[in-house]
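Student: Please find entry_31.csv (CSV, C-alpha atoms) on the next line:
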chain,number,residue,atom,x,y,z
A,1,ALA,CA,25.7,70.1,-6.9
A,2,ASN,CA,27.5,67.5,-9.0
A,3,GLY,CA,24.8,65.0,-8.2
A,4,GLY,CA,22.1,67.4,-9.3
A,5,LYS,CA,23.9,68.0,-12.6
A,6,VAL,CA,24.3,64.3,-13.2
A,7,PHE,CA,20.6,63.8,-12.5
A,8,PHE,CA,19.6,66.6,-14.8
A,9,GLU,CA,21.8,65.2,-17.6
A,10,MET,CA,20.3,61.7,-17.1
A,11,PHE,CA,16.8,63.1,-17.1
A,12,ALA,CA,17.5,65.1,-20.4
A,13,PHE,CA,19.0,61.9,-22.0
A,14,CYS,CA,15.9,59.9,-21.0
A,15,ALA,CA,13.6,62.6,-22.3
A,16,THR,CA,15.5,62.7,-25.6
A,17,ARG,CA,15.2,58.9,-25.9
A,18,ALA,CA,11.5,59.1,-25.2
A,19,SER,CA,11.0,61.8,-27.8
A,20,ALA,CA,12.9,59.7,-30.3
A,21,ARG,CA,10.7,56.7,-29.5
A,22,ALA,CA,7.6,58.8,-29.9
A,23,ALA,CA,8.8,60.0,-33.3
A,24,LEU,CA,9.5,56.4,-34.3
A,25,ARG,CA,6.1,55.3,-33.2
A,26,SER,CA,4.5,58.1,-35.2
A,27,PHE,CA,6.5,57.1,-38.3
A,28,HIS,CA,5.7,53.4,-38.0
A,29,SER,CA,2.0,53.9,-37.3
A,30,THR,CA,1.4,55.0,-40.8
A,31,PRO,CA,-0.1,52.4,-43.1
A,32,SER,CA,2.9,52.5,-45.4
A,33,SER,CA,5.3,51.1,-42.7
A,34,MET,CA,4.4,48.3,-40.3
A,35,LYS,CA,6.7,47.0,-37.6
A,36,VAL,CA,6.1,43.7,-35.7
A,37,ALA,CA,8.2,42.7,-32.6
A,38,VAL,CA,8.3,39.0,-31.6
A,39,LEU,CA,9.3,38.5,-28.0
A,40,GLY,CA,10.6,35.0,-27.5
A,41,ALA,CA,11.7,34.7,-31.1
A,42,ASN,CA,14.3,32.0,-30.5
A,43,GLY,CA,11.7,29.5,-29.1
A,44,GLY,CA,9.7,26.7,-30.6
A,45,ILE,CA,6.9,29.0,-31.5
A,46,GLY,CA,9.0,32.1,-32.0
A,47,GLN,CA,11.2,30.8,-34.8
A,48,PRO,CA,8.5,29.6,-37.2
A,49,LEU,CA,6.4,32.6,-36.3
A,50,SER,CA,9.2,34.9,-37.2
A,51,LEU,CA,9.8,33.0,-40.5
A,52,LEU,CA,6.1,33.4,-41.4
A,53,LEU,CA,6.2,37.1,-40.6
A,54,LYS,CA,9.4,37.6,-42.6
A,55,ILE,CA,7.6,36.4,-45.7
A,56,SER,CA,4.4,38.3,-45.0
A,57,PRO,CA,3.8,41.2,-47.4
A,58,GLU,CA,2.1,43.1,-44.5
A,59,VAL,CA,5.3,43.4,-42.4
A,60,ASP,CA,7.9,46.0,-43.3
A,61,ASP,CA,10.1,45.6,-40.2
A,62,LEU,CA,10.5,42.6,-37.9
A,63,SER,CA,12.4,42.6,-34.7
A,64,CYS,CA,13.3,39.4,-32.9
A,65,TYR,CA,14.0,39.4,-29.2
A,66,ASP,CA,14.9,36.7,-26.8
A,67,ILE,CA,17.3,36.0,-24.0
A,68,VAL,CA,19.6,34.0,-26.3
A,69,GLY,CA,20.0,33.2,-30.0
A,70,THR,CA,18.1,36.1,-31.7
A,71,PRO,CA,21.1,37.5,-33.6
A,72,GLY,CA,21.4,34.1,-35.3
A,73,VAL,CA,17.7,33.9,-36.0
A,74,ALA,CA,17.7,37.4,-37.5
A,75,ALA,CA,20.8,36.6,-39.6
A,76,ASP,CA,19.2,33.5,-40.9
A,77,LEU,CA,15.9,35.2,-41.8
A,78,SER,CA,17.7,38.1,-43.4
A,79,HIS,CA,18.8,35.8,-46.3
A,80,ILE,CA,15.2,35.3,-47.3
A,81,PRO,CA,14.5,37.6,-50.3
A,82,THR,CA,11.5,39.7,-49.1
A,83,LYS,CA,11.1,43.4,-48.4
A,84,THR,CA,10.9,42.8,-44.6
A,85,ASN,CA,13.9,44.2,-42.7
A,86,VAL,CA,15.0,42.0,-39.7
A,87,ILE,CA,16.9,42.7,-36.5
A,88,GLY,CA,17.7,40.4,-33.6
A,89,THR,CA,18.4,41.8,-30.2
A,90,LEU,CA,19.3,40.3,-26.8
A,91,PRO,CA,18.9,41.7,-23.2
A,92,SER,CA,21.3,44.5,-22.4
A,93,PRO,CA,24.1,43.3,-20.0
A,94,GLY,CA,23.6,44.4,-16.4
A,95,VAL,CA,25.1,47.8,-15.5
A,96,TRP,CA,25.3,50.1,-12.5
A,97,PRO,CA,23.6,52.5,-12.2
A,98,PRO,CA,20.7,50.3,-13.5
A,99,ARG,CA,19.1,51.5,-16.7
A,100,SER,CA,16.4,50.4,-19.2
A,101,ASN,CA,17.0,47.2,-21.1
A,102,GLU,CA,18.2,48.7,-24.4
A,103,GLY,CA,18.1,45.4,-26.2
A,104,LEU,CA,14.4,45.1,-25.5
A,105,GLY,CA,14.0,48.8,-26.2
A,106,GLU,CA,15.5,48.5,-29.6
A,107,ALA,CA,13.2,45.6,-30.5
A,108,LEU,CA,10.1,47.5,-29.3
A,109,ASP,CA,10.8,51.0,-30.5
A,110,GLY,CA,8.2,52.0,-33.1
A,111,ALA,CA,6.4,48.6,-33.0
A,112,ASP,CA,2.8,48.5,-34.2
A,113,VAL,CA,2.2,45.0,-33.0
A,114,VAL,CA,4.1,43.1,-30.3
A,115,VAL,CA,3.6,39.3,-30.3
A,116,ILE,CA,4.6,37.5,-27.1
A,117,PRO,CA,5.2,33.7,-27.4
A,118,ALA,CA,7.9,33.7,-24.7
A,119,GLY,CA,7.9,31.2,-21.9
A,120,VAL,CA,8.4,27.6,-21.1
A,121,PRO,CA,6.5,24.9,-23.2
A,122,ARG,CA,4.1,22.4,-21.9
A,123,LYS,CA,5.3,18.8,-21.2
A,124,PRO,CA,3.4,15.6,-20.8
A,125,GLY,CA,1.2,15.6,-17.7
A,126,MET,CA,1.6,19.4,-17.4
A,127,THR,CA,-1.5,21.6,-17.4
A,128,ARG,CA,-1.5,25.2,-18.6
A,129,ASP,CA,-1.9,26.2,-15.0
A,130,ASP,CA,1.4,24.4,-14.1
A,131,LEU,CA,3.1,26.9,-16.4
A,132,PHE,CA,1.8,29.8,-14.4
A,133,ASN,CA,4.5,30.9,-12.1
A,134,THR,CA,7.4,30.9,-14.7
A,135,ASN,CA,5.4,32.3,-17.6
A,136,ALA,CA,3.6,34.9,-15.5
A,137,SER,CA,6.9,36.5,-14.5
A,138,ILE,CA,8.1,36.4,-18.1
A,139,VAL,CA,5.0,38.1,-19.4
A,140,GLN,CA,5.0,40.7,-16.6
A,141,THR,CA,8.6,41.7,-17.4
A,142,LEU,CA,8.1,41.9,-21.2
A,143,VAL,CA,4.8,43.9,-20.9
A,144,GLU,CA,6.6,46.3,-18.6
A,145,GLY,CA,9.0,46.9,-21.5
A,146,CYS,CA,6.0,47.4,-23.8
A,147,ALA,CA,4.6,50.0,-21.4
A,148,GLU,CA,8.0,51.9,-21.5
A,149,PHE,CA,9.0,51.6,-25.2
A,150,CYS,CA,5.8,51.1,-27.2
A,151,PRO,CA,2.7,52.0,-25.2
A,152,GLU,CA,0.6,52.5,-28.3
A,153,ALA,CA,1.3,49.1,-29.8
A,154,VAL,CA,-1.2,46.2,-30.0
A,155,ILE,CA,0.0,43.5,-27.7
A,156,ALA,CA,-0.9,39.9,-28.7
A,157,ILE,CA,-0.3,37.4,-25.9
A,158,ILE,CA,0.5,33.8,-26.9
A,159,SER,CA,2.3,32.8,-23.6
A,160,ASN,CA,0.2,30.3,-21.6
A,161,PRO,CA,-1.9,30.2,-19.6
A,162,VAL,CA,-3.5,32.9,-21.7
A,163,ASN,CA,-6.6,33.1,-19.5
A,164,SER,CA,-4.2,34.4,-16.8
A,165,THR,CA,-1.4,36.1,-18.7
A,166,VAL,CA,-3.7,38.6,-20.5
A,167,PRO,CA,-5.1,39.9,-17.1
A,168,ILE,CA,-1.5,40.1,-15.9
A,169,ALA,CA,-0.6,42.2,-18.9
A,170,ALA,CA,-3.6,44.4,-18.3
A,171,GLU,CA,-2.7,45.0,-14.6
A,172,VAL,CA,0.9,45.9,-15.6
A,173,LEU,CA,-0.3,48.4,-18.2
A,174,LYS,CA,-2.8,49.9,-15.8
A,175,SER,CA,0.0,50.4,-13.2
A,176,ARG,CA,2.0,52.3,-15.8
A,177,GLY,CA,-1.0,54.4,-16.9
A,178,VAL,CA,-1.0,53.1,-20.5
A,179,TYR,CA,-3.7,50.5,-20.5
A,180,ASP,CA,-6.0,50.5,-23.5
A,181,PRO,CA,-8.4,47.5,-23.8
A,182,LYS,CA,-8.5,47.9,-27.6
A,183,LYS,CA,-4.7,47.1,-27.7
A,184,LEU,CA,-4.4,44.0,-25.5
A,185,VAL,CA,-5.5,40.7,-26.9
A,186,GLY,CA,-5.0,37.0,-26.2
A,187,VAL,CA,-4.4,34.9,-29.3
A,188,THR,CA,-7.0,32.1,-29.4
A,189,THR,CA,-6.7,31.6,-33.2
A,190,LEU,CA,-5.2,28.1,-32.6
A,191,ASP,CA,-8.6,27.0,-31.2
A,192,VAL,CA,-10.4,28.3,-34.2
A,193,ILE,CA,-8.1,26.6,-36.8
A,194,ARG,CA,-8.2,23.3,-34.9
A,195,ALA,CA,-12.0,23.5,-34.9
A,196,ASN,CA,-12.0,24.3,-38.6
A,197,THR,CA,-9.6,21.5,-39.4
A,198,PHE,CA,-11.6,18.9,-37.4
A,199,VAL,CA,-15.0,20.0,-38.8
A,200,ALA,CA,-13.7,19.9,-42.3
A,201,SER,CA,-12.4,16.4,-41.9
A,202,SER,CA,-15.6,15.3,-40.3
A,203,GLN,CA,-17.8,16.8,-43.0
A,204,GLY,CA,-15.7,16.3,-46.0
A,205,LEU,CA,-15.2,20.0,-46.6
A,206,ASP,CA,-12.2,22.2,-47.6
A,207,PRO,CA,-10.9,23.8,-44.3
A,208,LYS,CA,-10.7,27.2,-46.0
A,209,ASP,CA,-14.5,27.1,-46.4
A,210,VAL,CA,-15.0,26.6,-42.6
A,211,ASN,CA,-15.0,29.3,-39.9
A,212,VAL,CA,-16.0,28.1,-36.5
A,213,THR,CA,-16.7,30.7,-33.8
A,214,VAL,CA,-14.8,29.6,-30.7
A,215,ILE,CA,-15.6,31.5,-27.4
A,216,GLY,CA,-14.5,31.5,-23.8
A,217,GLY,CA,-10.9,31.2,-23.0
A,218,HIS,CA,-7.8,29.3,-24.1
A,219,ALA,CA,-7.5,26.2,-21.9
A,220,GLY,CA,-9.4,23.0,-21.6
A,221,ILE,CA,-13.1,23.3,-20.9
A,222,THR,CA,-12.9,27.1,-21.2
A,223,ILE,CA,-12.6,26.6,-25.0
A,224,LEU,CA,-16.1,26.4,-26.4
A,225,PRO,CA,-16.5,25.9,-30.2
A,226,LEU,CA,-20.0,26.8,-31.4
A,227,PHE,CA,-20.5,24.0,-33.9
A,228,SER,CA,-24.3,24.6,-33.9
A,229,GLN,CA,-23.5,27.8,-35.9
A,230,VAL,CA,-21.7,26.0,-38.8
A,231,PRO,CA,-24.0,26.0,-41.8
A,232,GLY,CA,-25.0,22.5,-43.0
A,233,MET,CA,-23.0,20.6,-40.3
A,234,SER,CA,-24.5,17.2,-39.6
A,235,VAL,CA,-23.2,15.1,-36.7
A,236,ASN,CA,-24.8,12.9,-34.0
A,237,ASP,CA,-24.4,13.5,-30.3
A,238,GLU,CA,-21.4,11.2,-30.0
A,239,GLU,CA,-19.6,12.9,-32.9
A,240,LEU,CA,-20.4,16.3,-31.5
A,241,GLU,CA,-18.9,15.4,-28.2
A,242,ALA,CA,-15.8,14.0,-29.8
A,243,LEU,CA,-15.3,17.2,-31.9
A,244,THR,CA,-15.8,19.5,-28.9
A,245,VAL,CA,-13.5,17.6,-26.6
A,246,ARG,CA,-10.8,17.3,-29.3
A,247,THR,CA,-10.9,21.0,-29.9
A,248,GLN,CA,-10.7,21.7,-26.2
A,249,PHE,CA,-7.8,19.4,-25.6
A,250,GLY,CA,-6.0,19.5,-29.0
A,251,GLY,CA,-2.9,20.7,-27.2
A,252,ASP,CA,-2.7,17.5,-25.2
A,253,GLU,CA,-2.9,15.5,-28.4
A,254,VAL,CA,0.2,17.2,-29.7
A,255,VAL,CA,2.1,17.1,-26.4
A,256,LYS,CA,1.5,13.3,-26.1
A,257,ALA,CA,2.5,12.7,-29.8
A,258,LYS,CA,5.8,14.6,-29.3
A,259,ALA,CA,6.5,12.4,-26.3
A,260,GLY,CA,8.0,15.0,-24.1
A,261,ALA,CA,9.9,16.8,-26.9
A,262,GLY,CA,7.6,19.8,-27.0
A,263,SER,CA,4.1,21.2,-27.4
A,264,ALA,CA,2.0,22.7,-30.2
A,265,THR,CA,4.6,25.0,-31.7
A,266,LEU,CA,4.2,24.9,-35.5
A,267,SER,CA,0.4,25.1,-35.5
A,268,MET,CA,0.6,27.9,-32.8
A,269,ALA,CA,3.1,29.8,-34.9
A,270,TYR,CA,0.8,29.6,-37.9
A,271,ALA,CA,-2.2,30.7,-35.8
A,272,GLY,CA,-0.1,33.6,-34.4
A,273,PHE,CA,0.9,34.6,-37.9
A,274,LEU,CA,-2.7,34.6,-39.2
A,275,PHE,CA,-3.8,36.6,-36.2
A,276,THR,CA,-1.0,39.2,-36.5
A,277,GLU,CA,-1.4,39.6,-40.3
A,278,ASN,CA,-5.1,40.2,-39.8
A,279,VAL,CA,-4.4,42.9,-37.2
A,280,LEU,CA,-2.0,44.6,-39.7
A,281,LYS,CA,-4.6,44.4,-42.5
A,282,ALA,CA,-7.2,46.0,-40.2
A,283,MET,CA,-4.7,48.8,-39.4
A,284,LYS,CA,-4.5,49.5,-43.1
A,285,GLY,CA,-8.3,49.7,-43.5
A,286,GLU,CA,-9.4,46.2,-44.4
A,287,ASP,CA,-12.6,44.8,-42.7
A,288,VAL,CA,-11.4,42.1,-40.3
A,289,VAL,CA,-13.4,40.1,-37.8
A,290,GLN,CA,-11.6,37.4,-35.8
A,291,CYS,CA,-12.0,35.7,-32.5
A,292,ALA,CA,-9.8,37.0,-29.7
A,293,TYR,CA,-9.6,37.0,-25.9
A,294,VAL,CA,-10.2,40.5,-24.8
A,295,GLU,CA,-11.6,42.7,-22.0
A,296,SER,CA,-15.3,42.1,-22.4
A,297,THR,CA,-18.8,42.8,-20.9
A,298,LEU,CA,-20.5,40.0,-22.8
A,299,THR,CA,-20.5,37.7,-19.8
A,300,GLU,CA,-19.7,37.8,-16.1
A,301,ALA,CA,-16.0,37.2,-16.9
A,302,PRO,CA,-14.0,40.4,-17.3
A,303,PHE,CA,-12.0,38.8,-20.2
A,304,PHE,CA,-13.6,36.6,-22.8
A,305,ALA,CA,-12.9,35.3,-26.3
A,306,SER,CA,-15.5,36.1,-28.9
A,307,PRO,CA,-15.5,37.5,-32.4
A,308,CYS,CA,-14.0,41.0,-32.5
A,309,LYS,CA,-14.0,43.7,-35.2
A,310,PHE,CA,-10.5,45.0,-35.7
A,311,GLY,CA,-9.5,48.5,-37.0
A,312,LYS,CA,-6.6,50.9,-37.1
A,313,ASP,CA,-6.4,51.1,-33.3
A,314,GLY,CA,-6.8,47.4,-32.5
A,315,VAL,CA,-10.1,46.0,-31.3
A,316,GLU,CA,-12.9,48.4,-32.5
A,317,GLU,CA,-15.8,46.3,-31.3
A,318,VAL,CA,-16.3,43.2,-29.2
A,319,LEU,CA,-19.1,41.4,-31.1
A,320,PRO,CA,-21.8,39.1,-29.6
A,321,PHE,CA,-21.3,35.4,-30.2
A,322,GLY,CA,-24.9,34.6,-31.2
A,323,GLU,CA,-27.2,31.8,-30.1
A,324,MET,CA,-25.9,28.6,-28.4
A,325,SER,CA,-27.5,25.2,-28.5
A,326,ALA,CA,-28.5,23.5,-25.2
A,327,TYR,CA,-25.4,21.3,-25.5
A,328,GLU,CA,-23.2,24.4,-25.8
A,329,GLN,CA,-25.0,26.2,-23.0
A,330,SER,CA,-24.1,23.2,-20.7
A,331,TRP,CA,-20.4,23.6,-21.6
A,332,PHE,CA,-20.7,27.4,-21.1
A,333,ASP,CA,-22.1,26.9,-17.6
A,334,LYS,CA,-19.3,24.5,-16.7
A,335,MET,CA,-16.7,26.9,-18.1
A,336,MET,CA,-17.5,30.2,-16.4
A,337,PRO,CA,-16.3,29.4,-12.8
A,338,ASP,CA,-13.0,28.1,-14.1
A,339,LEU,CA,-12.5,31.0,-16.4
A,340,LYS,CA,-13.2,33.6,-13.8
A,341,LYS,CA,-10.9,31.9,-11.3
A,342,GLN,CA,-8.0,31.8,-13.9
A,343,ILE,CA,-8.5,35.5,-14.6
A,344,GLN,CA,-8.5,36.4,-10.9
A,345,LYS,CA,-5.3,34.4,-10.5
A,346,GLY,CA,-3.6,36.7,-13.0
A,347,VAL,CA,-4.8,39.8,-11.4
A,348,ASP,CA,-3.7,38.6,-8.0
A,349,PHE,CA,-0.2,37.7,-9.3
A,350,VAL,CA,0.5,41.4,-10.1
A,351,SER,CA,-1.2,42.9,-7.0
A,352,LYS,CA,0.4,40.5,-4.5
Could you take the file, read its structure, and then write that structure out as structure tokens?

Tutor:
Amino acid sequence: ANGGKVFFEMFAFCATRASARAALRSFHSTPSSMKVAVLGANGGIGQPLSLLLKISPEVDDLSCYDIVGTPGVAADLSHIPTKTNVIGTLPSPGVWPPRSNEGLGEALDGADVVVIPAGVPRKPGMTRDDLFNTNASIVQTLVEGCAEFCPEAVIAIISNPVNSTVPIAAEVLKSRGVYDPKKLVGVTTLDVIRANTFVASSQGLDPKDVNVTVIGGHAGITILPLFSQVPGMSVNDEELEALTVRTQFGGDEVVKAKAGAGSATLSMAYAGFLFTENVLKAMKGEDVVQCAYVESTLTEAPFFASPCKFGKDGVEEVLPFGEMSAYEQSWFDKMMPDLKKQIQKGVDFVSK
């Protein structure tokens, strides 16, 4: 009898928490108040990303979560004079009987956008695929938290390998009955800003006047910049090859330059900030089109990066990517087997 009473009380407590979370989500989903949660906020990407979000006029509440260090990150950010309120939370200590991670729950409650840069960084000689086992488990755990605490939030995955971690997130959300393809995206903005930077340098342009469409995935040859669509661009075959390969392997350039001390953290943080701010602007009614890695029927791959129209609920429409040159088509044909294999690897990780 006592056991039944305890169970009932625990059930009622959980139901009350769920109702409170739903009310918070409802409150924060209005255009007047936007909350962003950064999971992995103490890391090389997470700290500068959190800084940029703290100074963004689009963000009203910022929650920073990581396994260590986030109270300090939040305290530091809180001294910056902007309207954005900041909290920093850590995982709840283990207890018996086991219960939800309240530290993660506090970070996620009421979130409109969750950005996930958590995971281990690349090192020299390491491919994105080498990161798979560690980062796959991290993403799985964090997305389980999203399913519990903020199932209606847009989830933006930065953790590599994105080609696999986004399918992992999709499978987790499906298993919890809360998957919405409009609200799960892989952030490929870094590929776009690299392409814009390299083209601007090559053509003597201002980078803000360049917007290269980059399709496919977010690793090596699965990254395909469509330079043929850039108005007025003039390059020979050798220059085109160099620009394409540099865009595909720009991450390796940074890893080598940092000589084992890290990967592309600052540029990725900036790209993640741009992406998140655009998602928030779209939620408030602005017209936003940006490339993102999403569930897609444009190709044989179930996930694919292409231009997407964003709106108040996330991805409103996956847009076609236009005509490709013969050169780009050859890269496309090389890319597809690798991309499909990496997607399947993510699906298999959750279903094993």

Student: Could you name the residues that touch A:Val139 at 12 Å or less, counting all atoms listed in the file, but leaving out those on the same chain fewer than 5 positions away, as a PyMOL selection string?

Tutor: chain A and resi 39-40+115-120+131-134+144-146+155-162+164-173+346+349-350

Student: Suppose you want the space between atom CA of A:Ala111 and atom CA of A:Leu62; what is it in Å?

Tutor: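 For atom CA of A:Ala111 relative to atom CA of A:Leu62, the distance reads 8.8 Å.
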
Student: Between atom CA of A:His218 and atom CA of A:Thr197, measure the distance and give it in Å to one decimal.

Tutor: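 Separating atom CA of A:His218 from atom CA of A:Thr197 is a distance of 17.3 Å.
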
Student: For the point (4.0, 43.8, -36.0) in file coordinates, what residues are within 12 Å, counting only C-alpha atoms? Give the answer as a PyMOL selection string?

Tutor: chain A and resi 28-29+31+33-39+49-50+52-54+56-64+84-86+107-116+150+153-156+272-281+283+314

Student: Mind listing as a PyMOL selection string all residues within 7 Å of (-10.0, 47.7, -39.0), counting only C-alpha atoms?

Tutor: chain A and resi 282-283+285-288+309-312

Student: To one decimal place, how far is atom CA of A:Gly88 from atom CA of A:Asp180 in Å?

Tutor: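 That distance, rounded to one decimal, is 27.7 Å.
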
Student: Which of these, A:Gln248, A:Asn101, A:Pro91, A:Asn163, has the shortest distance to A:Ile343 once you count all atoms listed in the file?

Tutor: A:Asn163

Student: Counting only C-alpha atoms, which residue out of A:Phe149, A:Val255, A:Gln342, A:Leu266 sits closest to A:Leu51?

Tutor: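 Looking only at the distances to A:Leu51, the closest residue turns out to be A:Leu266.
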
Student: For a quick check of understanding, using all atoms listed in the file, which of A:Gly262, A:Gly46, A:Gly94, A:Pro337 has the smallest distance to A:Thr222?

Tutor: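 Closest to A:Thr222, using all atoms listed in the file: A:Pro337.
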
Student: Could you list, as number ranges by chain, every residue within 8 Å of A:Gly250, counting all atoms listed in the file and ignoring same-chain residues fewer than 4 positions away?

Tutor: A: 194, 246, 254

Student: So, with all atoms listed in the file as the atoms that count, which of A:Gly220, A:Gln229, A:Glu295, A:Val315 lies closest to A:Asp338?

Tutor: A:Gly220

Student: Grab stretch 206-228 of chain A from that structure and dump N, CA and C atoms to a file, as a tab-separated table (two decimals), in the first residue's frame.

Tutor:
chain	number	residue	atom	x	y	z
A	206	ASP	N	33.91	41.89	-51.43
A	206	ASP	CA	33.61	41.97	-50.00
A	206	ASP	C	32.85	40.70	-49.63
A	207	PRO	N	33.30	39.94	-48.63
A	207	PRO	CA	32.62	38.68	-48.28
A	207	PRO	C	31.14	38.84	-47.98
A	208	LYS	N	30.71	40.01	-47.48
A	208	LYS	CA	29.30	40.18	-47.17
A	208	LYS	C	28.43	40.23	-48.42
A	209	ASP	N	29.07	40.41	-49.58
A	209	ASP	CA	28.33	40.44	-50.84
A	209	ASP	C	28.30	39.09	-51.54
A	210	VAL	N	28.84	38.05	-50.87
A	210	VAL	CA	28.91	36.71	-51.47
A	210	VAL	C	28.06	35.75	-50.65
A	211	ASN	N	27.29	34.91	-51.33
A	211	ASN	CA	26.51	33.89	-50.64
A	211	ASN	C	26.52	32.61	-51.47
A	212	VAL	N	27.46	31.74	-51.16
A	212	VAL	CA	27.61	30.50	-51.92
A	212	VAL	C	26.64	29.44	-51.37
A	213	THR	N	25.91	28.80	-52.25
A	213	THR	CA	25.09	27.65	-51.85
A	213	THR	C	26.01	26.44	-51.69
A	214	VAL	N	25.97	25.81	-50.51
A	214	VAL	CA	26.78	24.63	-50.25
A	214	VAL	C	25.84	23.49	-49.87
A	215	ILE	N	25.92	22.39	-50.62
A	215	ILE	CA	24.97	21.30	-50.45
A	215	ILE	C	25.69	20.02	-50.02
A	216	GLY	N	24.90	19.00	-49.68
A	216	GLY	CA	25.45	17.68	-49.37
A	216	GLY	C	25.45	17.37	-47.90
A	217	GLY	N	26.66	17.32	-47.33
A	217	GLY	CA	26.82	17.01	-45.92
A	217	GLY	C	27.78	17.98	-45.28
A	218	HIS	N	28.47	17.49	-44.23
A	218	HIS	CA	29.38	18.38	-43.49
A	218	HIS	C	30.66	17.63	-43.14
A	219	ALA	N	31.25	16.99	-44.17
A	219	ALA	CA	32.51	16.27	-43.95
A	219	ALA	C	33.16	15.99	-45.29
A	220	GLY	N	34.38	16.52	-45.47
A	220	GLY	CA	35.19	16.16	-46.64
A	220	GLY	C	34.44	16.30	-47.95
A	221	ILE	N	34.46	15.25	-48.75
A	221	ILE	CA	33.89	15.33	-50.10
A	221	ILE	C	32.37	15.40	-50.10
A	222	THR	N	31.73	15.20	-48.95
A	222	THR	CA	30.27	15.38	-48.93
A	222	THR	C	29.88	16.86	-48.92
A	223	ILE	N	30.87	17.74	-48.75
A	223	ILE	CA	30.63	19.19	-48.81
A	223	ILE	C	30.80	19.62	-50.27
A	224	LEU	N	29.74	20.17	-50.86
A	224	LEU	CA	29.80	20.55	-52.27
A	224	LEU	C	29.37	22.01	-52.46
A	225	PRO	N	30.34	22.92	-52.59
A	225	PRO	CA	30.00	24.32	-52.88
A	225	PRO	C	29.65	24.48	-54.36
A	226	LEU	N	28.54	25.16	-54.63
A	226	LEU	CA	28.09	25.35	-56.02
A	226	LEU	C	28.58	26.70	-56.53
A	227	PHE	N	29.87	26.74	-56.83
A	227	PHE	CA	30.47	27.99	-57.27
A	227	PHE	C	29.95	28.43	-58.63
A	228	SER	N	29.42	27.51	-59.41
A	228	SER	CA	28.89	27.87	-60.73
A	228	SER	C	27.69	28.80	-60.61
